[in-house]
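Colleague: For reference, the structure I am asking about is given below.
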Amino acid sequence: MMSADTISALNRLYYLVKRSFAAYSLDVRPVTFRGPEEMYDLLKQIVGEQRTLAEHIAEAIRERRAAVDPGQFPIEFTAWNDVALPRVLERSLELLRRVVSEADAIAEENPQPPVYHFAREVRHLASRHAEQIEQALGTKSQAV
């Protein structure tokens, strides 16, 4: 795989964890949360783990003497500024399922390290977070 392809794939993975809906909800959302404290703690834990993984991916990009492209939060996230915390977690769950699918596609298209390794890490983290949210919401839906 060409170096530019590697950097592009790594930046996409970085974006998936850095600009998540959970991160938006903590970083940008202009209102306080309405909902159980345990759910808020879970949201903070998820964002902390995403930030840690994002930093590892950013380090891999910088090691290749390339620029990290953080992107912007999707404008669609602003429509969720005034909803209760359980609904924020429900939406996070929906979007985490998309992250799992996208990480799988990136891993399939890029079977070489470090992209494959990070794609699998992103997938694992998103799957685990989806399970934690399902548990917090008291739901068990389609497998991730």
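The way I read the labels, and the way they are meant: chains A, B, ... in the order of the structure tokens, residue 1 as the first residue of every chain, and ligand 1 as the first ligand shown, with later ones counted on from there.
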Which residues come within 12 Å of Thr52 of chain A, counting only C-alpha atoms, excluding same-chain residues fewer than 3 positions away, as a PDB file with N, CA and C atoms, in the first residue's frame?

Modeller:
```pdb
ATOM      1  N   TYR A  14      -8.615   7.882  12.754  1.00  0.00           N
ATOM      2  CA  TYR A  14      -8.465   8.930  13.764  1.00  0.00           C
ATOM      3  C   TYR A  14      -9.757   9.733  13.885  1.00  0.00           C
ATOM      4  N   VAL A  17     -12.753   8.021  15.783  1.00  0.00           N
ATOM      5  CA  VAL A  17     -12.737   8.015  17.249  1.00  0.00           C
ATOM      6  C   VAL A  17     -12.637   9.424  17.843  1.00  0.00           C
ATOM      7  N   LYS A  18     -11.991  10.330  17.139  1.00  0.00           N
ATOM      8  CA  LYS A  18     -11.817  11.693  17.658  1.00  0.00           C
ATOM      9  C   LYS A  18     -13.098  12.526  17.548  1.00  0.00           C
ATOM     10  N   GLN A  45     -16.352   8.011  30.212  1.00  0.00           N
ATOM     11  CA  GLN A  45     -15.413   6.898  30.054  1.00  0.00           C
ATOM     12  C   GLN A  45     -15.199   6.577  28.582  1.00  0.00           C
ATOM     13  N   ILE A  46     -16.283   6.522  27.828  1.00  0.00           N
ATOM     14  CA  ILE A  46     -16.195   6.223  26.390  1.00  0.00           C
ATOM     15  C   ILE A  46     -15.332   7.261  25.695  1.00  0.00           C
ATOM     16  N   VAL A  47     -15.580   8.515  25.965  1.00  0.00           N
ATOM     17  CA  VAL A  47     -14.816   9.584  25.313  1.00  0.00           C
ATOM     18  C   VAL A  47     -13.346   9.517  25.722  1.00  0.00           C
ATOM     19  N   GLY A  48     -13.071   9.241  26.974  1.00  0.00           N
ATOM     20  CA  GLY A  48     -11.682   9.109  27.416  1.00  0.00           C
ATOM     21  C   GLY A  48     -10.954   7.998  26.680  1.00  0.00           C
ATOM     22  N   GLU A  49     -11.601   6.856  26.521  1.00  0.00           N
ATOM     23  CA  GLU A  49     -10.981   5.739  25.806  1.00  0.00           C
ATOM     24  C   GLU A  49     -10.826   6.054  24.320  1.00  0.00           C
ATOM     25  N   GLU A  55      -5.144   9.332  20.078  1.00  0.00           N
ATOM     26  CA  GLU A  55      -3.773   9.811  20.243  1.00  0.00           C
ATOM     27  C   GLU A  55      -2.765   8.781  19.751  1.00  0.00           C
ATOM     28  N   HIS A  56      -3.017   7.507  19.962  1.00  0.00           N
ATOM     29  CA  HIS A  56      -2.125   6.463  19.444  1.00  0.00           C
ATOM     30  C   HIS A  56      -2.101   6.483  17.913  1.00  0.00           C
ATOM     31  N   ILE A  57      -3.269   6.665  17.319  1.00  0.00           N
ATOM     32  CA  ILE A  57      -3.339   6.743  15.858  1.00  0.00           C
ATOM     33  C   ILE A  57      -2.613   7.991  15.366  1.00  0.00           C
ATOM     34  N   ALA A  58      -2.804   9.114  16.061  1.00  0.00           N
ATOM     35  CA  ALA A  58      -2.123  10.361  15.685  1.00  0.00           C
ATOM     36  C   ALA A  58      -0.608  10.196  15.760  1.00  0.00           C
ATOM     37  N   GLU A  59      -0.130   9.482  16.776  1.00  0.00           N
ATOM     38  CA  GLU A  59       1.310   9.228  16.887  1.00  0.00           C
ATOM     39  C   GLU A  59       1.817   8.440  15.683  1.00  0.00           C
ATOM     40  N   GLU A 121      -8.487  -2.298  16.315  1.00  0.00           N
ATOM     41  CA  GLU A 121      -8.635  -1.660  17.631  1.00  0.00           C
ATOM     42  C   GLU A 121      -9.868  -0.760  17.676  1.00  0.00           C
ATOM     43  N   VAL A 122     -10.071   0.010  16.609  1.00  0.00           N
ATOM     44  CA  VAL A 122     -11.244   0.885  16.542  1.00  0.00           C
ATOM     45  C   VAL A 122     -12.510   0.034  16.588  1.00  0.00           C
ATOM     46  N   LEU A 125     -13.009  -1.423  20.157  1.00  0.00           N
ATOM     47  CA  LEU A 125     -13.435  -0.390  21.099  1.00  0.00           C
ATOM     48  C   LEU A 125     -14.891  -0.003  20.849  1.00  0.00           C
TER      49      LEU A 125
END
```

Colleague: Tell me, in Å to one decimal, how far atom CA of Arg128 of chain A is from atom CA of Glu63 of chain A.

Modeller: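 These atoms are spaced 28.0 Å apart.
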
Colleague: Find the spatial neighbours of Ser92 of chain A, counting only C-alpha atoms, within a cut-off of 8 Å - ignore same-chain residues fewer than 4 positions away - and output them as a list in words.

Modeller: Phe21, Ala22, Val88 and Leu96 of chain A

Colleague: Those selected residues, please, written with C-alpha atoms and delivered as an mmCIF file, in the first residue's frame.

Modeller:
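The resulting file, selection_3.cif, is reproduced below:
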```cif
data_model
loop_
_atom_site.group_PDB
_atom_site.id
_atom_site.type_symbol
_atom_site.label_atom_id
_atom_site.label_comp_id
_atom_site.auth_asym_id
_atom_site.auth_seq_id
_atom_site.Cartn_x
_atom_site.Cartn_y
_atom_site.Cartn_z
ATOM 1 C CA PHE A 21 -20.994 11.708 18.729
ATOM 2 C CA ALA A 22 -20.007 10.934 22.317
ATOM 3 C CA VAL A 88 -27.745 10.761 23.467
ATOM 4 C CA LEU A 96 -21.027 3.096 16.955
#
```

Colleague: Run DSSP on the backbone and give me the residues of segment 17-105 of chain A it puts in alpha helix (DSSP H), as a PyMOL selection string.

Modeller: chain A and resi 17-18+21-27+37-63+85-105

Colleague: Nearest to Ala79 of chain A among A:Gln132, A:Asn110, A:Thr6, A:Ser25, with distances taken over only C-alpha atoms: which residue is it?

Modeller: A:Ser25

Colleague: Give me the residues near Pro113 of chain A as a PyMOL selection string, where near means some atom within 10 Å (using only C-alpha atoms) and where sequence neighbours in that chain fewer than 5 positions away do not count.

Modeller: chain A and resi 1+6+107+118-119

Colleague: Of the candidates A:Ser127, A:Thr139, A:Asn11, A:Gln50, which one gets nearest to Val100 of chain A if we count only C-alpha atoms?

Modeller: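 Of all the options, A:Ser127 lies closest to Val100 of chain A.
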
Colleague: Between atom CA of Ala4 of chain A and atom CA of Arg64 of chain A, measure the distance and give it in Å to one decimal.

Modeller: 10.0 Å

Colleague: Tell me which protein, DNA and RNA residues are within 10 Å of Ala60 of chain A, counting only C-alpha atoms, leaving out same-chain ones fewer than 6 positions away, and put them as a tab-separated table (two decimals) with C-alpha atoms, in the first residue's frame.

Modeller:
```tsv
chain	number	residue	atom	x	y	z
A	7	ILE	CA	-2.00	8.13	5.93
A	10	LEU	CA	-5.09	6.28	9.48
A	11	ASN	CA	-6.62	9.76	9.35
A	54	ALA	CA	-7.08	8.65	18.78
A	66	ALA	CA	2.44	13.30	7.94
A	68	VAL	CA	-3.01	14.57	11.43
A	114	PRO	CA	-0.38	-0.26	11.02
A	115	VAL	CA	-3.75	0.40	9.37
A	118	PHE	CA	-5.68	0.26	14.28
```

Colleague: Taking only C-alpha atoms into account, name the residue in A:Ile106, A:Arg34, A:Arg12, A:Arg19 that is nearest to Asp82 of chain A.

Modeller: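 So, comparing all the options, the nearest one is A:Arg34.
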
Colleague: Could you check the closest approach to Ala84 of chain A for each of A:Tyr15, A:Phe33, A:Tyr40, A:Tyr24 and tell me which residue wins, using only C-alpha atoms?

Modeller: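 Answer, going by the shortest atom-to-atom distance: A:Phe33.
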
Colleague: Could you state the separation of atom CA of Leu93 of chain A and atom CA of Glu134 of chain A in Å, given to one decimal place?

Modeller: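 Going from atom CA of Leu93 of chain A over to atom CA of Glu134 of chain A, I get 7.6 Å.
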
Colleague: Name the closest residue to Leu137 of chain A among the candidates A:Tyr116, A:Leu16, A:Leu53, A:Pro86; distances are taken between atoms, counting only C-alpha atoms.

Modeller: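 Using only C-alpha atoms, the shortest distance to Leu137 of chain A belongs to A:Pro86.
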
Colleague: With distances taken over only C-alpha atoms, which of A:Asp69, A:Leu95, A:His124, A:Leu42 is nearest to Ser20 of chain A?

Modeller: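 Nearest candidate to Ser20 of chain A out of A:Asp69, A:Leu95, A:His124, A:Leu42: A:Leu95.
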